[in-house]
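Structure data (mmCIF, C-alpha atoms) from input.cif:
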```cif
data_coords
loop_
_atom_site.label_atom_id
_atom_site.label_comp_id
_atom_site.auth_asym_id
_atom_site.auth_seq_id
_atom_site.Cartn_x
_atom_site.Cartn_y
_atom_site.Cartn_z
CA MET U 1 32.63 35.79 2.09
CA LYS U 2 30.54 34.63 5.05
CA LYS U 3 27.59 36.72 3.88
CA ARG U 4 27.90 35.26 0.41
CA THR U 5 27.94 31.71 1.82
CA LEU U 6 24.81 32.36 3.87
CA THR U 7 22.92 33.84 0.92
CA ASN U 8 23.98 30.89 -1.26
CA LEU U 9 22.72 28.48 1.38
CA LEU U 10 19.41 30.34 1.63
CA LEU U 11 19.01 30.40 -2.15
CA SER U 12 19.82 26.70 -2.42
CA LEU U 13 17.14 25.93 0.18
CA ILE U 14 14.61 28.00 -1.78
CA GLY U 15 15.68 26.16 -4.92
CA PHE U 16 15.31 22.80 -3.24
CA LEU U 17 11.84 23.70 -2.01
CA PHE U 18 10.89 24.76 -5.53
CA LEU U 19 12.20 21.54 -7.08
CA ALA U 20 10.48 19.43 -4.42
CA CYS U 21 7.15 21.18 -5.02
CA LEU U 22 7.62 21.02 -8.79
CA SER U 23 8.29 17.28 -8.57
CA VAL U 24 5.05 16.75 -6.64
CA VAL U 25 3.08 18.90 -9.09
CA LEU U 26 4.51 17.03 -12.07
CA VAL U 27 3.61 13.63 -10.60
CA LEU U 28 0.15 14.89 -9.65
CA ASN U 29 -0.45 15.87 -13.27
CA LEU U 30 1.13 12.80 -14.82
CA ARG U 31 -1.95 10.60 -14.94
CA CYS U 32 -0.06 8.18 -17.15
CA ILE U 33 1.59 6.77 -14.01
CA TYR U 34 -1.78 5.65 -12.71
CA TYR U 35 -3.03 4.57 -16.13
CA PHE U 36 0.03 2.33 -16.41
CA ASP U 37 -0.62 0.91 -12.95
CA ILE U 38 -4.18 -0.06 -13.90
CA GLY U 39 -2.69 -2.76 -16.09
CA TYR U 40 0.53 -3.34 -14.18
CA LEU U 41 -1.29 -3.92 -10.87
CA ASN U 42 -4.15 -5.74 -12.60
CA LEU U 43 -6.71 -3.42 -10.99
CA GLU U 44 -9.60 -4.57 -13.14
CA ASN U 45 -9.39 -8.14 -11.84
CA GLU U 46 -8.41 -7.07 -8.34
CA THR U 47 -11.33 -4.65 -7.91
CA GLY U 48 -14.00 -5.95 -10.26
CA TYR U 49 -14.34 -2.54 -11.93
CA THR U 50 -13.71 -1.82 -15.60
CA GLU U 51 -10.77 0.29 -16.69
CA GLU U 52 -13.17 3.03 -17.79
CA VAL U 53 -14.78 3.22 -14.33
CA ILE U 54 -11.37 3.19 -12.62
CA ARG U 55 -10.07 5.98 -14.84
CA GLU U 56 -13.15 8.18 -14.47
CA ASN U 57 -13.10 8.03 -10.68
CA TYR U 58 -9.34 8.60 -10.50
CA ASP U 59 -9.66 11.57 -12.86
CA ALA U 60 -12.38 13.03 -10.62
CA LEU U 61 -10.01 12.80 -7.65
CA ILE U 62 -7.11 14.43 -9.52
CA ASP U 63 -9.29 17.22 -10.95
CA TYR U 64 -10.43 17.98 -7.41
CA ASN U 65 -6.81 18.55 -6.32
CA LEU U 66 -5.69 20.72 -9.24
CA LEU U 67 -5.78 24.52 -8.97
CA THR U 68 -6.33 24.81 -12.70
CA LYS U 69 -9.57 22.80 -12.61
CA GLY U 70 -11.30 24.82 -9.88
CA VAL U 71 -13.36 21.85 -8.61
CA LYS U 72 -14.75 22.79 -5.19
CA GLU U 73 -16.56 19.61 -4.21
CA LEU U 74 -15.37 16.06 -4.70
CA GLU U 75 -17.90 13.69 -6.24
CA PHE U 76 -16.98 10.24 -7.49
CA PRO U 77 -19.02 9.11 -10.52
CA ASP U 78 -19.42 5.56 -9.22
CA PHE U 79 -18.40 5.42 -5.56
CA PRO U 80 -20.09 6.47 -2.32
CA MET U 81 -17.99 8.41 0.19
CA SER U 82 -18.13 8.54 3.98
CA ASP U 83 -17.84 11.76 5.98
CA ASN U 84 -14.39 10.73 7.25
CA ALA U 85 -13.18 10.10 3.71
CA ALA U 86 -14.56 13.44 2.54
CA THR U 87 -12.70 15.16 5.39
CA HIS U 88 -9.48 13.35 4.50
CA PHE U 89 -9.74 14.29 0.84
CA LYS U 90 -10.31 17.92 1.81
CA GLU U 91 -7.15 17.83 3.93
CA VAL U 92 -5.25 16.25 1.06
CA LYS U 93 -6.48 18.97 -1.28
CA GLN U 94 -5.32 21.67 1.13
CA ILE U 95 -1.84 20.15 1.05
CA PHE U 96 -1.78 19.87 -2.74
CA VAL U 97 -3.08 23.42 -3.21
CA ALA U 98 -0.43 24.74 -0.83
CA ILE U 99 2.25 22.84 -2.74
CA GLN U 100 1.06 24.23 -6.08
CA ILE U 101 1.04 27.80 -4.74
CA LEU U 102 4.41 27.30 -3.07
CA CYS U 103 5.80 25.93 -6.32
CA ILE U 104 4.88 29.16 -8.14
CA VAL U 105 6.12 31.48 -5.37
CA THR U 106 9.44 29.69 -4.77
CA GLY U 107 9.96 29.23 -8.50
CA VAL U 108 9.69 32.96 -9.22
CA LEU U 109 11.75 33.88 -6.15
CA PHE U 110 14.44 31.34 -6.96
CA LEU U 111 14.79 32.40 -10.60
CA VAL U 112 14.94 36.12 -9.75
CA LEU U 113 17.55 35.66 -7.02
CA LEU U 114 19.52 33.15 -9.07
CA VAL U 115 19.78 35.53 -12.02
CA ARG U 116 21.18 38.19 -9.68
CA LYS U 117 23.72 35.70 -8.38
CA LEU U 118 24.76 34.61 -11.85
CA MET U 119 25.20 38.21 -12.96
CA HIS U 120 27.84 38.53 -10.22
CA ARG U 121 29.48 35.25 -11.26
CA ASP U 122 28.44 33.63 -7.99
CA TYR U 123 27.60 29.99 -8.66
CA GLY U 124 27.80 28.63 -5.13
CA SER U 125 24.03 28.28 -4.71
CA LEU U 126 23.86 25.92 -7.69
CA LYS U 127 26.55 23.73 -6.18
CA LEU U 128 24.74 23.55 -2.83
CA LEU U 129 21.44 22.91 -4.58
CA SER U 130 22.88 20.00 -6.54
CA ILE U 131 24.24 18.46 -3.32
CA LEU U 132 20.86 18.76 -1.58
CA THR U 133 18.95 17.31 -4.50
CA PHE U 134 21.37 14.38 -4.72
CA LEU U 135 21.56 13.45 -1.05
CA ILE U 136 17.97 13.88 0.15
CA PRO U 137 16.33 11.69 -2.56
CA ILE U 138 18.97 9.01 -1.92
CA VAL U 139 18.31 8.99 1.84
CA LEU U 140 14.52 9.00 1.42
CA GLY U 141 14.74 6.41 -1.34
CA ILE U 142 16.70 4.06 0.92
CA CYS U 143 14.11 4.49 3.69
CA MET U 144 11.31 3.74 1.22
CA PHE U 145 13.05 0.70 -0.20
CA LEU U 146 13.90 -0.81 3.18
CA ASN U 147 10.42 -0.46 4.66
CA TRP U 148 7.74 1.16 2.54
CA ASP U 149 4.90 0.32 4.93
CA THR U 150 6.56 2.14 7.85
CA PHE U 151 7.50 5.06 5.60
CA PHE U 152 3.91 5.32 4.36
CA VAL U 153 2.46 5.27 7.88
CA ARG U 154 4.97 7.81 9.22
CA PHE U 155 4.19 10.11 6.30
CA HIS U 156 0.49 10.12 7.17
CA GLU U 157 1.19 10.58 10.87
CA LEU U 158 3.33 13.61 10.01
CA PHE U 159 0.81 15.35 7.76
CA PHE U 160 -2.51 14.31 9.31
CA ASN U 161 -3.68 14.54 12.92
CA ASN U 162 -6.36 11.86 12.54
CA ASP U 163 -6.77 8.34 11.16
CA TYR U 164 -9.31 9.23 8.48
CA TRP U 165 -6.80 8.03 5.87
CA LEU U 166 -7.50 4.46 7.00
CA PHE U 167 -10.40 3.73 4.65
CA ASN U 168 -13.00 0.99 4.99
CA PRO U 169 -13.48 -0.48 1.49
CA VAL U 170 -17.12 -1.22 2.32
CA THR U 171 -18.05 2.43 2.94
CA ASP U 172 -15.32 3.92 0.71
CA PRO U 173 -14.64 1.55 -2.21
CA VAL U 174 -12.43 4.17 -3.87
CA ILE U 175 -9.58 2.79 -1.76
CA LEU U 176 -9.77 -0.40 -3.82
CA ILE U 177 -8.53 1.47 -6.89
CA LEU U 178 -5.79 3.25 -4.88
CA PRO U 179 -3.43 0.46 -3.79
CA ASP U 180 -0.28 1.15 -1.77
CA GLU U 181 1.88 0.13 -4.73
CA PHE U 182 0.57 3.09 -6.72
CA PHE U 183 1.59 5.53 -3.98
CA TYR U 184 5.00 3.84 -3.88
CA HIS U 185 5.41 4.47 -7.59
CA CYS U 186 4.34 8.11 -7.15
CA ALA U 187 6.85 8.62 -4.31
CA ALA U 188 9.59 7.03 -6.41
CA ALA U 189 8.73 9.31 -9.35
CA ILE U 190 8.85 12.39 -7.11
CA LEU U 191 12.31 11.43 -5.83
CA LEU U 192 13.44 10.71 -9.40
CA PHE U 193 12.35 14.16 -10.61
CA LEU U 194 14.10 15.73 -7.62
CA PHE U 195 17.24 13.75 -8.39
CA LEU U 196 17.08 14.91 -12.01
CA GLY U 197 16.87 18.47 -10.68
CA GLY U 198 20.14 17.82 -8.89
CA ILE U 199 21.73 16.55 -12.09
CA ILE U 200 20.59 19.63 -14.01
CA SER U 201 21.70 22.13 -11.34
CA GLY U 202 25.02 20.33 -10.97
CA GLY U 203 25.50 20.33 -14.73
CA VAL U 204 24.74 24.04 -15.00
CA TYR U 205 27.17 24.74 -12.15
CA ARG U 206 29.95 22.79 -13.90
CA LEU U 207 29.24 24.48 -17.23
CA LEU U 208 29.26 28.00 -15.78
CA THR U 209 32.35 27.52 -13.62
CA ARG U 210 34.24 25.95 -16.52
CA LYS U 211 33.26 28.87 -18.77
CA TYR U 212 34.27 31.38 -16.08
CA ARG U 213 37.67 29.76 -15.56
CA LYS U 214 38.27 29.68 -19.29
CA GLU U 215 37.41 33.38 -19.66
CA LYS U 216 39.59 34.19 -16.67
CA SER U 217 42.57 32.32 -18.10
CA LEU U 218 42.20 34.11 -21.46
CA HIS U 219 42.43 37.51 -19.75
CA ARG U 220 45.66 36.72 -17.94
#
```
Represent the structure from my file as C-alpha cells, please.
Amino acid sequence: MKKRTLTNLLLSLIGFLFLACLSVVLVLNLRCIYYFDIGYLNLENETGYTEEVIRENYDALIDYNLLTKGVKELEFPDFPMSDNAATHFKEVKQIFVAIQILCIVTGVLFLVLLVRKLMHRDYGSLKLLSILTFLIPIVLGICMFLNWDTFFVRFHELFFNNDYWLFNPVTDPVILILPDEFFYHCAAAILLFLFLGGIISGGVYRLLTRKYRKEKSLHR
C-alpha cells in the first residue's frame, strides 16, 4: 500500500509537470491572446505603431521561441535591439525550448505510466493530480491578483541572474508593444489551463471509480 501511494504521488507530480508545461506551450502558441490585447490595451495609440507593425514584430518574437519554426537568430522587422536585450531573449528562448521538450517527455512518460496504473484499477494518481492542479493555480492566482508587480519581479529574479529584462524603450522599443498587462493575461491563461487540467483529471477519476464500484457491486 505504501509503495502504491509513493508511485501514485510520483506519477501525479509527473502529470502536474506535464500539464504545467502544456499550459505554457498552449499560451505561447495562442497568438490570439496578444492580438486581442492590441485592441484591448489600445497599443496602436499607446505606442504610435500600426497594428500590422505590432503583429509582425510580435510574430517574429514568437517564431523565435517555437521549436517547430527553427528560427536561430532573432531579428525584429522594425525594431533595433541592444546586446542586453538580445542576451535576455536568448535566455528566454532557452527556457521556452526546455519547456517544450519537457512537455513532450513528461507527456509520453505520464501517459505510459498512467495506462499501466489504470490497467491495474489504480486511480490514486488521478486524484492526487486533480488536487495539485486545483490548489497550485488558486494559490498562484491569489498572489498574482494581490500584487502582480511583485509577482512579476520575483518571477524574473527566480529565472534570470541579471537585470537584462529591464528594457530601455529608447534602445529597445519592442518593450513598448509588450506591456505588463499582456504578461498578466498570459499568466492568467496558463493558470486557467492548468486549472482545467485539474477539472479533467478529477472528472476522469470520478468516472473511473464510479464505474469500478458499479462493476464490483454487480459481481457480488
Using the file's own x, y and z axes, what box holds all listed atoms of segment 195-203 of chain U with 3 Å on each side, keeping edges along x, y and z, and what are its centre and edge lengths in Å to one decimal, as AutoDock Vina command-line options?
```
--center_x 21.2 --center_y 17.9 --center_z -11.6 --size_x 14.6 --size_y 14.4 --size_z 12.3
```
Selection near Leu102 of chain U, 9 Å with only C-alpha atoms, sequence-local residues under 3 positions removed, as a PyMOL selection string | chain U and resi 17-18+21+97-99+105-107
Smallest atom-to-atom distance to Cys186 of chain U: which of U:Val92, U:Met144, U:Ile104, U:Leu126, using only C-alpha atoms?
->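 With only C-alpha atoms as the atom set, the closest residue is U:Met144.
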Let me know the residues the PyMOL selection byres ((chain U and resi 10) around 12) catches in the file above, as a PyMOL selection string.
-> chain U and resi 3-9+11-17+106+109-110+113-114+124-126+128-129
Chain and number of each residue from the PyMOL selection byres ((chain U and resi 176) around 10), as an mmCIF file with C-alpha atoms, keeping the file's coordinate frame:
```cif
data_model
loop_
_atom_site.group_PDB
_atom_site.id
_atom_site.type_symbol
_atom_site.label_atom_id
_atom_site.label_comp_id
_atom_site.auth_asym_id
_atom_site.auth_seq_id
_atom_site.Cartn_x
_atom_site.Cartn_y
_atom_site.Cartn_z
ATOM 1 C CA LEU U 43 -6.710 -3.420 -10.990
ATOM 2 C CA GLU U 46 -8.410 -7.070 -8.340
ATOM 3 C CA THR U 47 -11.330 -4.650 -7.910
ATOM 4 C CA GLY U 48 -14.000 -5.950 -10.260
ATOM 5 C CA TYR U 49 -14.340 -2.540 -11.930
ATOM 6 C CA ILE U 54 -11.370 3.190 -12.620
ATOM 7 C CA PHE U 167 -10.400 3.730 4.650
ATOM 8 C CA ASN U 168 -13.000 0.990 4.990
ATOM 9 C CA PRO U 169 -13.480 -0.480 1.490
ATOM 10 C CA VAL U 170 -17.120 -1.220 2.320
ATOM 11 C CA ASP U 172 -15.320 3.920 0.710
ATOM 12 C CA PRO U 173 -14.640 1.550 -2.210
ATOM 13 C CA VAL U 174 -12.430 4.170 -3.870
ATOM 14 C CA ILE U 175 -9.580 2.790 -1.760
ATOM 15 C CA ILE U 177 -8.530 1.470 -6.890
ATOM 16 C CA LEU U 178 -5.790 3.250 -4.880
ATOM 17 C CA PRO U 179 -3.430 0.460 -3.790
ATOM 18 C CA ASP U 180 -0.280 1.150 -1.770
#
```
Measuring atom to atom with all atoms listed in the file, identify which of U:Leu61, U:Leu146, U:Ala188, U:Ile200 is nearest to Ala86 of chain U.
->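 Under the stated criterion, the closest residue is U:Leu61.
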Would you kindly translate the PyMOL selection byres ((chain U and resi 27) around 9) into the concrete residues it picks from this file, as a PyMOL selection string?
-> chain U and resi 22-26+28-31+33+186-187+189-190+193
Point-to-point distance in Å for atom CA of Phe195 of chain U and atom CA of Phe134 of chain U |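 Interatomic distance here is 5.6 Å.
Among the candidates U:Glu91, U:Asp83, U:Glu51, U:Asp149, the one nearest to Tyr64 of chain U when counting only C-alpha atoms is U:Glu91.
You will find atom CA of Gly197 of chain U at 20.8 Å from atom CA of Cys32 of chain U.
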One-decimal distance in Å that lies between atom CA of Leu207 of chain U and atom CA of Asp122 of chain U = 13.0 Å
Pick from U:Phe182, U:Cys103, U:Lys72, U:Leu191, whichever lies nearest to Asn42 of chain U using all atoms listed in the file |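 Among the listed residues, U:Phe182 lies closest to Asn42 of chain U.
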Using all atoms listed in the file, pick whichever of U:Leu118, U:Leu67, U:Ala85, U:Leu74 has the shortest atom-to-atom distance to Leu208 of chain U.
->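 Closest to Leu208 of chain U of all the choices is U:Leu118.
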Select, from U:Phe36, U:Phe76, U:Phe159, U:Phe145, the residue with the minimum atom-to-atom distance to Phe96 of chain U, counting all atoms listed in the file.
->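 That would be U:Phe159, the residue with the smallest distance to Phe96 of chain U.
Neighbours of Tyr123 of chain U closer than or equal to 8 Å, with all atoms listed in the file counted and sequence neighbours fewer than 6 positions away skipped, come out as Lys117, Tyr205, Leu208 and Thr209 of chain U.
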As an mmCIF file, in the coordinates of the input, please: segment 102-113 of chain U completed to all heavy atoms.
```
data_model
loop_
_atom_site.group_PDB
_atom_site.id
_atom_site.type_symbol
_atom_site.label_atom_id
_atom_site.label_comp_id
_atom_site.auth_asym_id
_atom_site.auth_seq_id
_atom_site.Cartn_x
_atom_site.Cartn_y
_atom_site.Cartn_z
ATOM 1 N N LEU U 102 3.018 27.180 -3.495
ATOM 2 C CA LEU U 102 4.410 27.300 -3.070
ATOM 3 C C LEU U 102 5.365 27.072 -4.234
ATOM 4 O O LEU U 102 6.424 27.711 -4.316
ATOM 5 C CB LEU U 102 4.693 26.287 -1.963
ATOM 6 C CG LEU U 102 5.974 26.483 -1.138
ATOM 7 C CD1 LEU U 102 5.987 27.858 -0.478
ATOM 8 C CD2 LEU U 102 6.093 25.382 -0.081
ATOM 9 N N CYS U 103 4.986 26.194 -5.147
ATOM 10 C CA CYS U 103 5.800 25.930 -6.320
ATOM 11 C C CYS U 103 5.950 27.204 -7.161
ATOM 12 O O CYS U 103 7.049 27.534 -7.626
ATOM 13 C CB CYS U 103 5.163 24.813 -7.153
ATOM 14 S SG CYS U 103 6.066 24.391 -8.652
ATOM 15 N N ILE U 104 4.852 27.922 -7.348
ATOM 16 C CA ILE U 104 4.880 29.160 -8.140
ATOM 17 C C ILE U 104 5.698 30.235 -7.431
ATOM 18 O O ILE U 104 6.568 30.870 -8.038
ATOM 19 C CB ILE U 104 3.450 29.664 -8.383
ATOM 20 C CG1 ILE U 104 2.658 28.650 -9.219
ATOM 21 C CG2 ILE U 104 3.458 31.029 -9.079
ATOM 22 C CD1 ILE U 104 1.179 28.961 -9.341
ATOM 23 N N VAL U 105 5.447 30.424 -6.129
ATOM 24 C CA VAL U 105 6.120 31.480 -5.370
ATOM 25 C C VAL U 105 7.627 31.214 -5.288
ATOM 26 O O VAL U 105 8.440 32.102 -5.572
ATOM 27 C CB VAL U 105 5.528 31.587 -3.944
ATOM 28 C CG1 VAL U 105 6.340 32.560 -3.093
ATOM 29 C CG2 VAL U 105 4.076 32.030 -4.010
ATOM 30 N N THR U 106 8.007 30.002 -4.900
ATOM 31 C CA THR U 106 9.440 29.690 -4.770
ATOM 32 C C THR U 106 10.123 29.663 -6.127
ATOM 33 O O THR U 106 11.298 30.012 -6.233
ATOM 34 C CB THR U 106 9.641 28.336 -4.069
ATOM 35 O OG1 THR U 106 8.909 27.312 -4.765
ATOM 36 C CG2 THR U 106 9.187 28.398 -2.622
ATOM 37 N N GLY U 107 9.377 29.258 -7.169
ATOM 38 C CA GLY U 107 9.960 29.230 -8.500
ATOM 39 C C GLY U 107 10.335 30.625 -8.979
ATOM 40 O O GLY U 107 11.447 30.849 -9.473
ATOM 41 N N VAL U 108 9.423 31.570 -8.821
ATOM 42 C CA VAL U 108 9.690 32.960 -9.220
ATOM 43 C C VAL U 108 10.816 33.551 -8.370
ATOM 44 O O VAL U 108 11.749 34.178 -8.899
ATOM 45 C CB VAL U 108 8.409 33.817 -9.081
ATOM 46 C CG1 VAL U 108 8.727 35.291 -9.307
ATOM 47 C CG2 VAL U 108 7.337 33.339 -10.059
ATOM 48 N N LEU U 109 10.736 33.344 -7.066
ATOM 49 C CA LEU U 109 11.750 33.880 -6.150
ATOM 50 C C LEU U 109 13.121 33.303 -6.455
ATOM 51 O O LEU U 109 14.123 34.032 -6.501
ATOM 52 C CB LEU U 109 11.347 33.575 -4.711
ATOM 53 C CG LEU U 109 12.233 34.159 -3.599
ATOM 54 C CD1 LEU U 109 12.242 35.681 -3.678
ATOM 55 C CD2 LEU U 109 11.742 33.695 -2.233
ATOM 56 N N PHE U 110 13.168 31.999 -6.675
ATOM 57 C CA PHE U 110 14.440 31.340 -6.960
ATOM 58 C C PHE U 110 15.056 31.852 -8.253
ATOM 59 O O PHE U 110 16.260 32.152 -8.306
ATOM 60 C CB PHE U 110 14.242 29.828 -7.039
ATOM 61 C CG PHE U 110 15.471 29.065 -7.432
ATOM 62 C CD1 PHE U 110 16.569 29.006 -6.590
ATOM 63 C CD2 PHE U 110 15.528 28.406 -8.654
ATOM 64 C CE1 PHE U 110 17.714 28.307 -6.957
ATOM 65 C CE2 PHE U 110 16.667 27.704 -9.025
ATOM 66 C CZ PHE U 110 17.755 27.651 -8.179
ATOM 67 N N LEU U 111 14.256 31.964 -9.314
ATOM 68 C CA LEU U 111 14.790 32.400 -10.600
ATOM 69 C C LEU U 111 15.291 33.843 -10.544
ATOM 70 O O LEU U 111 16.362 34.168 -11.084
ATOM 71 C CB LEU U 111 13.712 32.267 -11.676
ATOM 72 C CG LEU U 111 13.353 30.830 -12.081
ATOM 73 C CD1 LEU U 111 12.204 30.829 -13.085
ATOM 74 C CD2 LEU U 111 14.568 30.119 -12.669
ATOM 75 N N VAL U 112 14.540 34.719 -9.861
ATOM 76 C CA VAL U 112 14.940 36.120 -9.750
ATOM 77 C C VAL U 112 16.262 36.244 -8.984
ATOM 78 O O VAL U 112 17.204 36.928 -9.425
ATOM 79 C CB VAL U 112 13.850 36.958 -9.054
ATOM 80 C CG1 VAL U 112 14.371 38.356 -8.717
ATOM 81 C CG2 VAL U 112 12.613 37.050 -9.941
ATOM 82 N N LEU U 113 16.341 35.579 -7.845
ATOM 83 C CA LEU U 113 17.550 35.660 -7.020
ATOM 84 C C LEU U 113 18.728 34.954 -7.690
ATOM 85 O O LEU U 113 19.879 35.402 -7.573
ATOM 86 C CB LEU U 113 17.294 35.041 -5.642
ATOM 87 C CG LEU U 113 16.264 35.774 -4.773
ATOM 88 C CD1 LEU U 113 16.054 35.040 -3.457
ATOM 89 C CD2 LEU U 113 16.721 37.212 -4.510
#
```
